[in-house]
file run05.cif (mmCIF, C-alpha atoms and all ligand atoms)
data_work
#
loop_
_atom_site.label_atom_id
_atom_site.label_comp_id
_atom_site.auth_asym_id
_atom_site.auth_seq_id
_atom_site.Cartn_x
_atom_site.Cartn_y
_atom_site.Cartn_z
CA MET A 1 -40.93 -158.71 75.20
CA THR A 2 -40.28 -156.72 78.39
CA GLU A 3 -37.15 -157.40 80.41
CA ASP A 4 -39.22 -159.17 83.08
CA ALA A 5 -40.99 -161.31 80.53
CA ALA A 6 -37.68 -162.16 78.86
CA SER A 7 -36.09 -163.23 82.14
CA ALA A 8 -39.18 -165.29 83.09
CA HIS A 9 -38.91 -166.93 79.68
CA ASP A 10 -35.23 -167.74 80.33
CA ASP A 11 -36.11 -169.18 83.76
CA ILE A 12 -38.72 -171.47 82.20
CA ALA A 13 -36.30 -172.61 79.51
CA ALA A 14 -33.63 -173.32 82.16
CA ALA A 15 -36.11 -175.27 84.35
CA ARG A 16 -37.27 -177.28 81.32
CA GLU A 17 -33.68 -178.16 80.47
CA SER A 18 -32.82 -179.19 84.05
CA ILE A 19 -35.91 -181.39 84.27
CA ALA A 20 -35.26 -182.99 80.89
CA ARG A 21 -31.69 -183.80 81.93
CA ARG A 22 -32.73 -185.16 85.32
CA LEU A 23 -35.44 -187.39 83.84
CA GLU A 24 -33.03 -188.66 81.22
CA GLU A 25 -30.61 -189.78 83.98
CA ALA A 26 -33.32 -191.31 86.17
CA GLY A 27 -33.93 -195.06 86.21
CA SER A 28 -37.19 -194.99 88.14
CA VAL A 29 -39.82 -192.25 88.14
CA VAL A 30 -43.08 -191.93 90.06
CA LEU A 31 -45.64 -189.54 88.59
CA THR A 32 -48.65 -188.16 90.40
CA THR A 33 -51.31 -185.45 90.30
CA HIS A 34 -53.82 -183.88 92.67
CA VAL A 35 -56.58 -185.55 94.68
CA THR A 36 -59.52 -186.53 92.45
CA PRO A 37 -57.54 -186.33 89.21
CA ASP A 38 -58.91 -184.30 86.29
CA GLY A 39 -58.15 -184.52 82.59
CA ASP A 40 -55.28 -182.05 82.75
CA GLY A 41 -53.42 -183.51 85.73
CA LEU A 42 -53.91 -187.11 84.69
CA GLY A 43 -53.40 -186.53 80.95
CA SER A 44 -50.09 -184.74 81.58
CA ALA A 45 -48.86 -187.48 83.93
CA ILE A 46 -49.87 -190.32 81.59
CA ALA A 47 -48.21 -188.73 78.55
CA LEU A 48 -44.96 -188.21 80.49
CA CYS A 49 -45.15 -191.74 81.90
CA ARG A 50 -45.52 -193.25 78.44
CA HIS A 51 -42.49 -191.40 77.10
CA LEU A 52 -40.36 -192.35 80.10
CA ARG A 53 -41.31 -196.01 79.70
CA ARG A 54 -40.29 -195.88 76.06
CA ARG A 55 -36.94 -194.57 77.23
CA GLY A 56 -36.58 -197.75 79.28
CA LYS A 57 -37.41 -196.28 82.67
CA GLU A 58 -39.49 -197.82 85.37
CA ALA A 59 -42.31 -195.26 85.40
CA MET A 60 -45.75 -195.38 86.96
CA VAL A 61 -48.54 -192.94 87.85
CA ILE A 62 -49.51 -193.38 91.51
CA ASN A 63 -52.19 -191.16 93.01
CA CYS A 64 -53.70 -190.54 96.41
CA SER A 65 -57.21 -191.05 95.06
CA SER A 66 -58.88 -193.00 92.29
CA VAL A 67 -59.76 -191.57 88.90
CA PRO A 68 -63.36 -190.46 88.20
CA HIS A 69 -65.17 -193.01 86.01
CA ASP A 70 -65.32 -190.83 82.92
CA LEU A 71 -61.50 -190.65 82.74
CA ARG A 72 -60.60 -194.26 83.38
CA TRP A 73 -60.26 -195.01 79.68
CA LEU A 74 -57.26 -192.66 79.65
CA TYR A 75 -54.79 -195.13 81.12
CA GLU A 76 -53.91 -198.70 80.33
CA ARG A 77 -53.50 -201.57 82.74
CA GLY A 78 -50.39 -201.07 84.85
CA GLU A 79 -49.93 -197.38 84.11
CA PHE A 80 -51.97 -196.10 87.05
CA GLN A 81 -52.36 -197.26 90.66
CA VAL A 82 -54.06 -195.80 93.71
CA TYR A 83 -51.58 -195.23 96.56
CA ASN A 84 -51.87 -198.15 98.89
CA GLY A 85 -49.49 -198.06 101.85
CA ALA A 86 -46.14 -199.79 102.22
CA ARG A 87 -45.70 -201.11 98.67
CA HIS A 88 -46.12 -197.67 97.10
CA GLU A 89 -44.36 -195.85 99.91
CA LYS A 90 -41.18 -197.81 99.15
CA ARG A 91 -41.53 -196.99 95.49
CA VAL A 92 -41.86 -193.26 96.15
CA LEU A 93 -39.01 -193.20 98.69
CA GLU A 94 -36.63 -195.03 96.35
CA ALA A 95 -37.57 -193.34 93.06
CA ASP A 96 -34.83 -191.35 91.32
CA ALA A 97 -37.41 -188.69 90.51
CA VAL A 98 -40.98 -187.84 91.49
CA VAL A 99 -43.02 -185.73 89.07
CA ALA A 100 -46.24 -184.01 90.20
CA THR A 101 -48.50 -182.42 87.59
CA ASP A 102 -51.17 -179.73 87.92
CA ILE A 103 -51.42 -179.95 91.73
CA GLY A 104 -52.06 -176.30 92.64
CA GLY A 105 -50.44 -176.67 96.09
CA SER A 106 -48.60 -179.51 97.82
CA GLU A 107 -51.48 -180.23 100.24
CA ARG A 108 -53.47 -181.46 97.23
CA LEU A 109 -51.08 -184.43 97.00
CA GLY A 110 -53.11 -185.98 99.84
CA LYS A 111 -51.59 -189.20 101.17
CA MET A 112 -48.72 -188.85 98.69
CA LEU A 113 -47.42 -185.68 100.36
CA ASP A 114 -45.62 -187.35 103.25
CA PRO A 115 -43.76 -190.03 101.24
CA ILE A 116 -42.86 -187.48 98.56
CA ARG A 117 -41.47 -185.17 101.23
CA ARG A 118 -39.30 -188.03 102.52
CA SER A 119 -38.31 -189.35 99.07
CA GLY A 120 -34.63 -189.34 98.16
CA GLY A 121 -35.49 -188.61 94.53
CA THR A 122 -35.48 -185.28 92.74
CA LYS A 123 -38.87 -183.62 93.24
CA ILE A 124 -40.28 -182.07 90.09
CA VAL A 125 -43.54 -180.17 89.60
CA ILE A 126 -45.22 -179.16 86.35
CA ASP A 127 -48.04 -176.69 86.89
CA HIS A 128 -49.96 -173.62 85.78
CA HIS A 129 -51.16 -172.58 89.25
CA VAL A 130 -49.19 -170.32 91.59
CA TYR A 131 -48.43 -171.24 95.20
CA ASP A 132 -45.59 -171.19 97.69
CA ASN A 133 -43.30 -174.07 96.87
CA ASP A 134 -41.67 -175.65 99.91
CA LEU A 135 -41.34 -179.13 98.46
CA PHE A 136 -40.05 -179.30 94.91
CA ASP A 137 -36.40 -179.12 93.79
CA LEU A 138 -37.24 -178.43 90.16
CA PRO A 139 -40.46 -176.47 89.64
CA LEU A 140 -41.65 -175.82 86.09
CA ILE A 141 -44.52 -173.44 86.78
CA THR A 142 -45.96 -170.82 84.47
CA THR A 143 -49.41 -169.26 84.53
CA GLU A 144 -49.00 -168.03 80.95
CA VAL A 145 -50.53 -171.21 79.56
CA SER A 146 -53.97 -172.78 79.53
CA SER A 147 -53.03 -176.09 81.09
CA SER A 148 -50.36 -178.29 82.57
CA ALA A 149 -50.70 -180.32 79.37
CA GLU A 150 -49.24 -177.38 77.42
CA ILE A 151 -46.20 -177.38 79.70
CA ALA A 152 -45.86 -181.17 79.56
CA TYR A 153 -46.08 -181.03 75.75
CA ASP A 154 -43.25 -178.47 75.58
CA LEU A 155 -41.15 -180.58 77.93
CA LEU A 156 -41.78 -183.75 75.92
CA ARG A 157 -40.80 -182.05 72.67
CA HIS A 158 -37.70 -180.67 74.36
CA MET A 159 -36.85 -184.24 75.39
CA GLY A 160 -37.23 -185.36 71.78
CA ALA A 161 -40.30 -187.49 72.50
CA ARG A 162 -42.13 -189.06 69.60
CA ILE A 163 -45.58 -187.47 69.80
CA ASP A 164 -47.77 -190.18 68.35
CA ARG A 165 -51.37 -191.05 69.20
CA HIS A 166 -50.29 -192.76 72.42
CA LEU A 167 -48.92 -189.48 73.83
CA ALA A 168 -51.18 -187.10 71.89
CA VAL A 169 -54.51 -188.39 73.25
CA PRO A 170 -53.81 -187.79 76.97
CA LEU A 171 -52.22 -184.40 76.18
CA TYR A 172 -55.27 -183.44 74.12
CA VAL A 173 -57.63 -184.46 76.94
CA GLY A 174 -55.66 -182.17 79.27
CA LEU A 175 -55.79 -179.28 76.82
CA VAL A 176 -59.51 -179.68 76.13
CA SER A 177 -60.38 -180.03 79.85
CA ASP A 178 -58.60 -176.89 80.96
CA THR A 179 -59.68 -174.70 78.05
CA GLY A 180 -63.29 -175.87 78.39
CA GLY A 181 -63.11 -177.06 74.79
CA PHE A 182 -61.19 -173.94 73.64
CA ALA A 183 -63.72 -171.59 75.26
CA TYR A 184 -62.05 -170.21 78.41
CA SER A 185 -60.05 -167.01 78.39
CA ALA A 186 -56.70 -168.82 78.70
CA THR A 187 -57.24 -170.30 75.21
CA SER A 188 -54.36 -168.90 73.15
CA PRO A 189 -53.07 -169.24 69.60
CA GLN A 190 -50.47 -171.57 71.12
CA ALA A 191 -53.21 -173.79 72.58
CA HIS A 192 -54.80 -174.07 69.14
CA ARG A 193 -51.44 -174.78 67.50
CA MET A 194 -50.84 -177.55 70.02
CA ALA A 195 -54.31 -178.97 69.28
CA ALA A 196 -53.60 -178.90 65.55
CA GLU A 197 -50.34 -180.80 66.07
CA LEU A 198 -52.02 -183.37 68.30
CA LEU A 199 -54.75 -183.90 65.70
CA SER A 200 -52.03 -184.43 63.09
CA ALA A 201 -50.53 -187.00 65.47
CA GLY A 202 -53.75 -189.02 65.31
CA VAL A 203 -56.17 -187.64 67.91
CA ASP A 204 -59.82 -188.08 66.92
CA PRO A 205 -61.48 -185.02 68.53
CA HIS A 206 -64.99 -186.34 68.13
CA ALA A 207 -64.10 -189.65 69.78
CA VAL A 208 -62.45 -187.80 72.69
CA TRP A 209 -65.54 -185.60 73.09
CA ARG A 210 -67.81 -188.67 73.09
CA GLN A 211 -65.62 -190.37 75.69
CA THR A 212 -65.28 -187.39 78.02
CA HIS A 213 -68.59 -185.53 77.63
CA CYS A 214 -71.21 -188.05 76.56
CA GLN A 215 -71.04 -190.58 79.39
CA VAL A 216 -73.51 -188.99 81.82
CA PRO A 217 -75.56 -191.69 83.55
CA HIS A 218 -79.29 -191.12 83.18
CA GLY A 219 -79.76 -190.73 86.94
CA LYS A 220 -77.22 -187.91 87.05
CA MET A 221 -78.85 -186.13 84.10
CA HIS A 222 -82.20 -186.41 85.88
CA PHE A 223 -80.68 -184.97 89.05
CA LEU A 224 -79.10 -182.05 87.16
CA GLY A 225 -82.51 -181.42 85.58
CA LEU A 226 -84.07 -181.16 89.03
CA LEU A 227 -81.37 -178.72 90.12
CA MET A 228 -82.00 -176.65 86.99
CA THR A 229 -85.58 -176.13 88.14
CA ARG A 230 -84.32 -174.84 91.49
CA LEU A 231 -82.19 -171.90 90.32
CA ASN A 232 -82.73 -168.64 92.19
CA LEU A 233 -82.03 -165.30 90.53
CA GLU A 234 -81.04 -162.21 92.49
CA HIS A 235 -79.48 -158.79 91.88
CA ASP A 236 -81.59 -158.15 88.79
CA GLY A 237 -80.68 -161.53 87.38
CA ARG A 238 -76.92 -161.01 87.71
CA LEU A 239 -76.54 -163.64 90.45
CA VAL A 240 -77.83 -167.20 90.22
CA TRP A 241 -77.63 -169.72 93.02
CA THR A 242 -78.99 -173.01 94.23
CA SER A 243 -78.34 -175.44 97.07
CA VAL A 244 -78.74 -179.06 98.05
CA ASP A 245 -79.03 -180.58 101.49
CA LEU A 246 -78.13 -184.10 102.58
CA ASP A 247 -81.74 -185.32 102.39
CA PHE A 248 -82.04 -184.20 98.79
CA LEU A 249 -78.80 -185.99 97.87
CA ARG A 250 -79.91 -189.13 99.65
CA THR A 251 -83.39 -189.11 98.14
CA HIS A 252 -81.94 -188.90 94.66
CA ASP A 253 -79.05 -191.25 95.36
CA THR A 254 -76.48 -188.79 94.03
CA ALA A 255 -72.79 -188.39 94.84
CA PRO A 256 -71.75 -184.88 95.97
CA ARG A 257 -69.18 -184.78 93.15
CA ASP A 258 -71.98 -185.18 90.58
CA ALA A 259 -74.06 -182.40 92.09
CA PHE A 260 -71.19 -179.89 91.72
CA GLU A 261 -71.49 -180.24 87.96
CA ILE A 262 -74.34 -177.72 88.13
CA VAL A 263 -71.83 -174.86 88.50
CA ASN A 264 -70.76 -175.39 84.90
CA HIS A 265 -74.22 -174.35 83.71
CA PHE A 266 -74.78 -171.16 85.74
CA LEU A 267 -73.01 -168.75 83.41
CA ARG A 268 -75.00 -169.98 80.42
CA VAL A 269 -78.01 -168.13 81.78
CA LYS A 270 -78.37 -164.80 79.94
CA GLY A 271 -77.37 -161.82 82.07
CA VAL A 272 -75.79 -163.89 84.85
CA GLU A 273 -72.42 -162.68 86.10
CA VAL A 274 -71.94 -164.90 89.14
CA GLY A 275 -73.20 -168.38 90.02
CA ALA A 276 -72.99 -169.96 93.46
CA PHE A 277 -73.74 -173.49 94.56
CA PHE A 278 -74.15 -174.48 98.20
CA MET A 279 -73.94 -178.00 99.51
CA GLU A 280 -74.69 -179.19 103.00
CA ILE A 281 -71.84 -181.35 104.32
CA SER A 282 -73.18 -181.49 107.87
CA LYS A 283 -75.40 -179.36 110.11
CA THR A 284 -72.44 -177.05 110.73
CA ARG A 285 -70.47 -177.37 107.51
CA THR A 286 -71.26 -176.04 104.04
CA LYS A 287 -69.35 -176.23 100.77
CA VAL A 288 -69.57 -173.37 98.31
CA SER A 289 -68.53 -173.37 94.65
CA MET A 290 -68.62 -170.16 92.61
CA ARG A 291 -68.20 -169.13 88.99
CA SER A 292 -67.84 -165.64 87.56
CA SER A 293 -68.20 -164.34 84.01
CA GLY A 294 -65.43 -161.79 84.65
CA THR A 295 -66.87 -158.79 86.48
CA VAL A 296 -66.60 -160.22 90.00
CA ASP A 297 -63.51 -161.78 91.57
CA VAL A 298 -65.05 -164.81 93.31
CA CYS A 299 -61.66 -165.92 94.61
CA ARG A 300 -61.73 -162.94 96.99
CA VAL A 301 -65.02 -164.18 98.42
CA ALA A 302 -63.66 -167.73 98.73
CA LYS A 303 -60.43 -166.59 100.39
CA ARG A 304 -62.33 -164.66 103.02
CA HIS A 305 -63.76 -168.02 104.11
CA GLY A 306 -60.56 -170.03 103.97
CA GLY A 307 -60.94 -171.26 100.40
CA GLY A 308 -59.30 -170.32 97.12
CA GLY A 309 -59.09 -171.03 93.41
CA HIS A 310 -58.96 -168.77 90.40
CA GLN A 311 -60.39 -165.29 89.92
CA PHE A 312 -63.39 -166.64 88.03
CA ALA A 313 -63.74 -170.13 89.55
CA ALA A 314 -63.33 -170.56 93.27
CA GLY A 315 -64.72 -172.36 96.28
CA CYS A 316 -64.57 -172.76 100.03
CA ALA A 317 -65.81 -174.94 102.85
CA ILE A 318 -67.37 -173.06 105.76
CA GLY A 319 -66.83 -175.08 108.89
CA THR A 320 -68.98 -173.02 111.24
CA MET A 321 -72.30 -172.66 109.41
CA GLY A 322 -75.06 -174.89 108.19
CA LEU A 323 -76.77 -174.29 104.88
CA ALA A 324 -79.40 -171.87 106.18
CA ALA A 325 -76.79 -169.54 107.65
CA ALA A 326 -74.15 -169.88 104.95
CA ILE A 327 -76.37 -169.00 102.00
CA PRO A 328 -77.35 -165.43 102.98
CA HIS A 329 -73.87 -164.82 104.38
CA ILE A 330 -72.08 -165.67 101.13
CA LEU A 331 -74.72 -164.07 98.89
CA GLU A 332 -74.26 -160.85 100.83
CA ASP A 333 -70.49 -161.08 100.30
CA ILE A 334 -70.88 -161.69 96.58
CA GLY A 335 -73.41 -158.86 96.30
CA GLN A 336 -70.87 -156.42 97.69
CA GLN A 337 -68.41 -157.36 94.96
CA PHE A 338 -70.75 -156.35 92.14
CA PRO A 339 -69.72 -153.20 90.31
CA PRO A 340 -72.67 -150.78 90.03
CA LEU A 341 -74.87 -151.29 86.96
CA GLU A 342 -74.37 -148.67 84.27
CA THR A 343 -77.66 -146.81 84.14
CA GLU A 344 -78.95 -146.09 80.68
CA GLY A 345 -79.97 -142.68 79.37
MN MN A 401 -54.87 -177.76 85.04
#
call {"tool": "encode", "arguments": {"input": "run05.cif", "output": "structure tokens", "more": "lines below"}}
Ligand SMILES: [Mn+2]
result
Amino acid sequence: MTEDAASAHDDIAAARESIARRLEEAGSVVLTTHVTPDGDGLGSAIALCRHLRRRGKEAMVINCSSVPHDLRWLYERGEFQVYNGARHEKRVLEADAVVATDIGGSERLGKMLDPIRRSGGTKIVIDHHVYDNDLFDLPLITTEVSSSAEIAYDLLRHMGARIDRHLAVPLYVGLVSDTGGFAYSATSPQAHRMAAELLSAGVDPHAVWRQTHCQVPHGKMHFLGLLMTRLNLEHDGRLVWTSVDLDFLRTHDTAPRDAFEIVNHFLRVKGVEVGAFFMEISKTRTKVSMRSSGTVDVCRVAKRHGGGGHQFAAGCAIGTMGLAAAIPHILEDIGQQFPPLETEG
């Protein structure tokens, strides 16, 4: 280990210990994650919530937005509520501690941001994204892991939590979501060790896969099929893109969130290095979501238009262009990022 790595390791261990101690002292804890929760953010929060409740604390996951349908099985009645004005505001303000998981930036707390800022409780964040922290007293952030679930798991073990099925299932959902089923580059030996331990604790991986991946409504599958027939290939097949306008969404009665699923299929096309999806939000506003197989940094393209994300998965919303203008503009930008093809012979 280098000196820097060793000191980062010490910092993480110290943060973990401070958070464990603070949560042990707390009587009431509010947990939350980012807007439109995903498996990692929600799974981490639910697992922590369950342990804290076992320790006799008043703990609850409250979020600024509701949970997508395919993840609602993850929590039990009373464990999760959507933030709803005065009643929850009081709870956040008076909590001894507030724990945010996987948020990737405080603005993604949505309606929860303001009450959390004003809360008298200790503000804790558990995350594997980097951003400027101007909100949290005790950040536990490392990008060396696949998921927030990995960090939450370490914290829970440090706190002496009993990792049974009740805690293992939400942690496993987090791990599987953020590693793309142990496929993404952040998948480490440690991620697999954690999975093995969670399976030993009673997780049924096939049942989790059925519950998270095999619940696509027929209408959505049909819509994705239509989009699949509308893929455009450019740059000698290295760039694939497609778009939808409001009429198309309306005609096929599809939610924007469902249409974005198409980006997960782009890189499966042989030879494709970048995929881009364009969605019309209004006549002057376009949303772009991009994926890269590793040669092109799509986050650079997104940042140039006020967006962000990861190097290989990023997006932006262009507030000054409709679909017809945004598409060539962004494609041009992506095209410039391509390294030259190695010519053979
Ligand atoms: Mn995550």
call {"tool": "residues_near_ligand", "arguments": {"input": "run05.cif", "ligand": "ligand MN 401 (chain A)", "cutoff": "12 Å", "atoms": "all atoms listed in the file", "output": "mmCIF file with C-alpha atoms, keeping the file's coordinate frame"}}
result
data_model
loop_
_atom_site.group_PDB
_atom_site.id
_atom_site.type_symbol
_atom_site.label_atom_id
_atom_site.label_comp_id
_atom_site.auth_asym_id
_atom_site.auth_seq_id
_atom_site.Cartn_x
_atom_site.Cartn_y
_atom_site.Cartn_z
ATOM 1 C CA THR A 33 -51.310 -185.450 90.300
ATOM 2 C CA HIS A 34 -53.820 -183.880 92.670
ATOM 3 C CA PRO A 37 -57.540 -186.330 89.210
ATOM 4 C CA ASP A 38 -58.910 -184.300 86.290
ATOM 5 C CA GLY A 39 -58.150 -184.520 82.590
ATOM 6 C CA ASP A 40 -55.280 -182.050 82.750
ATOM 7 C CA GLY A 41 -53.420 -183.510 85.730
ATOM 8 C CA LEU A 42 -53.910 -187.110 84.690
ATOM 9 C CA GLY A 43 -53.400 -186.530 80.950
ATOM 10 C CA SER A 44 -50.090 -184.740 81.580
ATOM 11 C CA ALA A 45 -48.860 -187.480 83.930
ATOM 12 C CA ALA A 100 -46.240 -184.010 90.200
ATOM 13 C CA THR A 101 -48.500 -182.420 87.590
ATOM 14 C CA ASP A 102 -51.170 -179.730 87.920
ATOM 15 C CA ILE A 103 -51.420 -179.950 91.730
ATOM 16 C CA GLY A 104 -52.060 -176.300 92.640
ATOM 17 C CA GLY A 105 -50.440 -176.670 96.090
ATOM 18 C CA ILE A 126 -45.220 -179.160 86.350
ATOM 19 C CA ASP A 127 -48.040 -176.690 86.890
ATOM 20 C CA HIS A 128 -49.960 -173.620 85.780
ATOM 21 C CA HIS A 129 -51.160 -172.580 89.250
ATOM 22 C CA VAL A 130 -49.190 -170.320 91.590
ATOM 23 C CA ILE A 141 -44.520 -173.440 86.780
ATOM 24 C CA THR A 142 -45.960 -170.820 84.470
ATOM 25 C CA THR A 143 -49.410 -169.260 84.530
ATOM 26 C CA VAL A 145 -50.530 -171.210 79.560
ATOM 27 C CA SER A 146 -53.970 -172.780 79.530
ATOM 28 C CA SER A 147 -53.030 -176.090 81.090
ATOM 29 C CA SER A 148 -50.360 -178.290 82.570
ATOM 30 C CA ALA A 149 -50.700 -180.320 79.370
ATOM 31 C CA GLU A 150 -49.240 -177.380 77.420
ATOM 32 C CA ILE A 151 -46.200 -177.380 79.700
ATOM 33 C CA ALA A 152 -45.860 -181.170 79.560
ATOM 34 C CA LEU A 171 -52.220 -184.400 76.180
ATOM 35 C CA VAL A 173 -57.630 -184.460 76.940
ATOM 36 C CA GLY A 174 -55.660 -182.170 79.270
ATOM 37 C CA LEU A 175 -55.790 -179.280 76.820
ATOM 38 C CA VAL A 176 -59.510 -179.680 76.130
ATOM 39 C CA SER A 177 -60.380 -180.030 79.850
ATOM 40 C CA ASP A 178 -58.600 -176.890 80.960
ATOM 41 C CA THR A 179 -59.680 -174.700 78.050
ATOM 42 C CA GLY A 180 -63.290 -175.870 78.390
ATOM 43 C CA ALA A 186 -56.700 -168.820 78.700
ATOM 44 C CA GLY A 309 -59.090 -171.030 93.410
ATOM 45 C CA HIS A 310 -58.960 -168.770 90.400
#
call {"tool": "residues_around", "arguments": {"input": "run05.cif", "residues": "segment 265-280 of chain A", "least_positions_apart": "3", "cutoff": "7 Å", "atoms": "all atoms listed in the file", "output": "list in words"}}
result
Gly237, Arg238, Leu239, Val240, Trp241, Thr242, Ser243, Val244, Asp245, Leu246, Ile262, Arg285, Thr286, Lys287, Val288, Ser289, Met290, Arg291, Ser292, Ser293, Thr295, Gly322 and Leu323 of chain A
call {"tool": "residues_near_point", "arguments": {"input": "run05.cif", "point": "(-55.6, -192.3, 81.2)", "cutoff": "7 Å", "atoms": "only C-alpha atoms", "output": "PyMOL selection string"}}
result
chain A and resi 42-43+46+71-76+170
call {"tool": "write_last_selection", "arguments": {"input": "run05.cif", "atoms": "C-alpha atoms", "output": "PDB file, in the frame of the given file"}}
result
ATOM      1  CA  LEU A  42     -53.910-187.110  84.690  1.00  0.00           C
ATOM      2  CA  GLY A  43     -53.400-186.530  80.950  1.00  0.00           C
ATOM      3  CA  ILE A  46     -49.870-190.320  81.590  1.00  0.00           C
ATOM      4  CA  LEU A  71     -61.500-190.650  82.740  1.00  0.00           C
ATOM      5  CA  ARG A  72     -60.600-194.260  83.380  1.00  0.00           C
ATOM      6  CA  TRP A  73     -60.260-195.010  79.680  1.00  0.00           C
ATOM      7  CA  LEU A  74     -57.260-192.660  79.650  1.00  0.00           C
ATOM      8  CA  TYR A  75     -54.790-195.130  81.120  1.00  0.00           C
ATOM      9  CA  GLU A  76     -53.910-198.700  80.330  1.00  0.00           C
ATOM     10  CA  PRO A 170     -53.810-187.790  76.970  1.00  0.00           C
TER      11      PRO A 170
END
call {"tool": "atom_distance", "arguments": {"input": "run05.cif", "atom1": "atom CA of Gln190 of chain A", "atom2": "atom CA of Leu155 of chain A"}}
result
14.6 Å
call {"tool": "residues_around", "arguments": {"input": "run05.cif", "residues": "segment 56-70 of chain A", "least_positions_apart": "5", "cutoff": "8 Å", "atoms": "only C-alpha atoms", "output": "ChimeraX atom specification"}}
result
/A:26-38,45-46,49-50,78-83,88,109-112,211-212,215
call {"tool": "closest_residue", "arguments": {"input": "run05.cif", "among": "A:Leu167, A:Ile19, A:Ala183, A:Ala196", "to": "Thr122 of chain A", "atoms": "only C-alpha atoms"}}
result
A:Ile19
call {"tool": "decode", "arguments": {"input": "run05.cif", "residues": "segment 107-120 of chain A", "atoms": "N, CA and C atoms", "output": "mmCIF file, in the first residue's frame"}}
result
data_model
loop_
_atom_site.group_PDB
_atom_site.id
_atom_site.type_symbol
_atom_site.label_atom_id
_atom_site.label_comp_id
_atom_site.auth_asym_id
_atom_site.auth_seq_id
_atom_site.Cartn_x
_atom_site.Cartn_y
_atom_site.Cartn_z
ATOM 1 N N GLU A 107 -27.751 18.037 -3.929
ATOM 2 C CA GLU A 107 -28.948 18.499 -4.637
ATOM 3 C C GLU A 107 -29.862 17.325 -5.008
ATOM 4 N N ARG A 108 -29.304 16.109 -5.009
ATOM 5 C CA ARG A 108 -30.137 14.951 -5.351
ATOM 6 C C ARG A 108 -30.982 14.469 -4.162
ATOM 7 N N LEU A 109 -30.940 15.225 -3.050
ATOM 8 C CA LEU A 109 -31.834 14.946 -1.928
ATOM 9 C C LEU A 109 -33.224 15.532 -2.181
ATOM 10 N N GLY A 110 -33.340 16.364 -3.217
ATOM 11 C CA GLY A 110 -34.632 16.950 -3.578
ATOM 12 C C GLY A 110 -35.242 17.721 -2.419
ATOM 13 N N LYS A 111 -36.511 17.464 -2.141
ATOM 14 C CA LYS A 111 -37.235 18.179 -1.091
ATOM 15 C C LYS A 111 -36.658 17.935 0.299
ATOM 16 N N MET A 112 -35.845 16.894 0.440
ATOM 17 C CA MET A 112 -35.261 16.582 1.752
ATOM 18 C C MET A 112 -34.076 17.502 2.074
ATOM 19 N N LEU A 113 -33.522 18.145 1.059
ATOM 20 C CA LEU A 113 -32.296 18.927 1.265
ATOM 21 C C LEU A 113 -32.488 20.026 2.311
ATOM 22 N N ASP A 114 -33.542 20.800 2.155
ATOM 23 C CA ASP A 114 -33.754 21.931 3.058
ATOM 24 C C ASP A 114 -33.944 21.483 4.520
ATOM 25 N N PRO A 115 -34.867 20.566 4.798
ATOM 26 C CA PRO A 115 -34.986 20.124 6.202
ATOM 27 C C PRO A 115 -33.713 19.466 6.739
ATOM 28 N N ILE A 116 -32.992 18.740 5.900
ATOM 29 C CA ILE A 116 -31.756 18.116 6.389
ATOM 30 C C ILE A 116 -30.736 19.202 6.744
ATOM 31 N N ARG A 117 -30.659 20.222 5.889
ATOM 32 C CA ARG A 117 -29.749 21.329 6.176
ATOM 33 C C ARG A 117 -30.058 21.956 7.528
ATOM 34 N N ARG A 118 -31.363 22.073 7.845
ATOM 35 C CA ARG A 118 -31.765 22.742 9.089
ATOM 36 C C ARG A 118 -31.837 21.791 10.286
ATOM 37 N N SER A 119 -31.661 20.492 10.053
ATOM 38 C CA SER A 119 -31.796 19.516 11.132
ATOM 39 C C SER A 119 -30.730 19.720 12.206
ATOM 40 N N GLY A 120 -31.126 19.484 13.457
ATOM 41 C CA GLY A 120 -30.169 19.572 14.563
ATOM 42 C C GLY A 120 -29.352 18.290 14.714
#
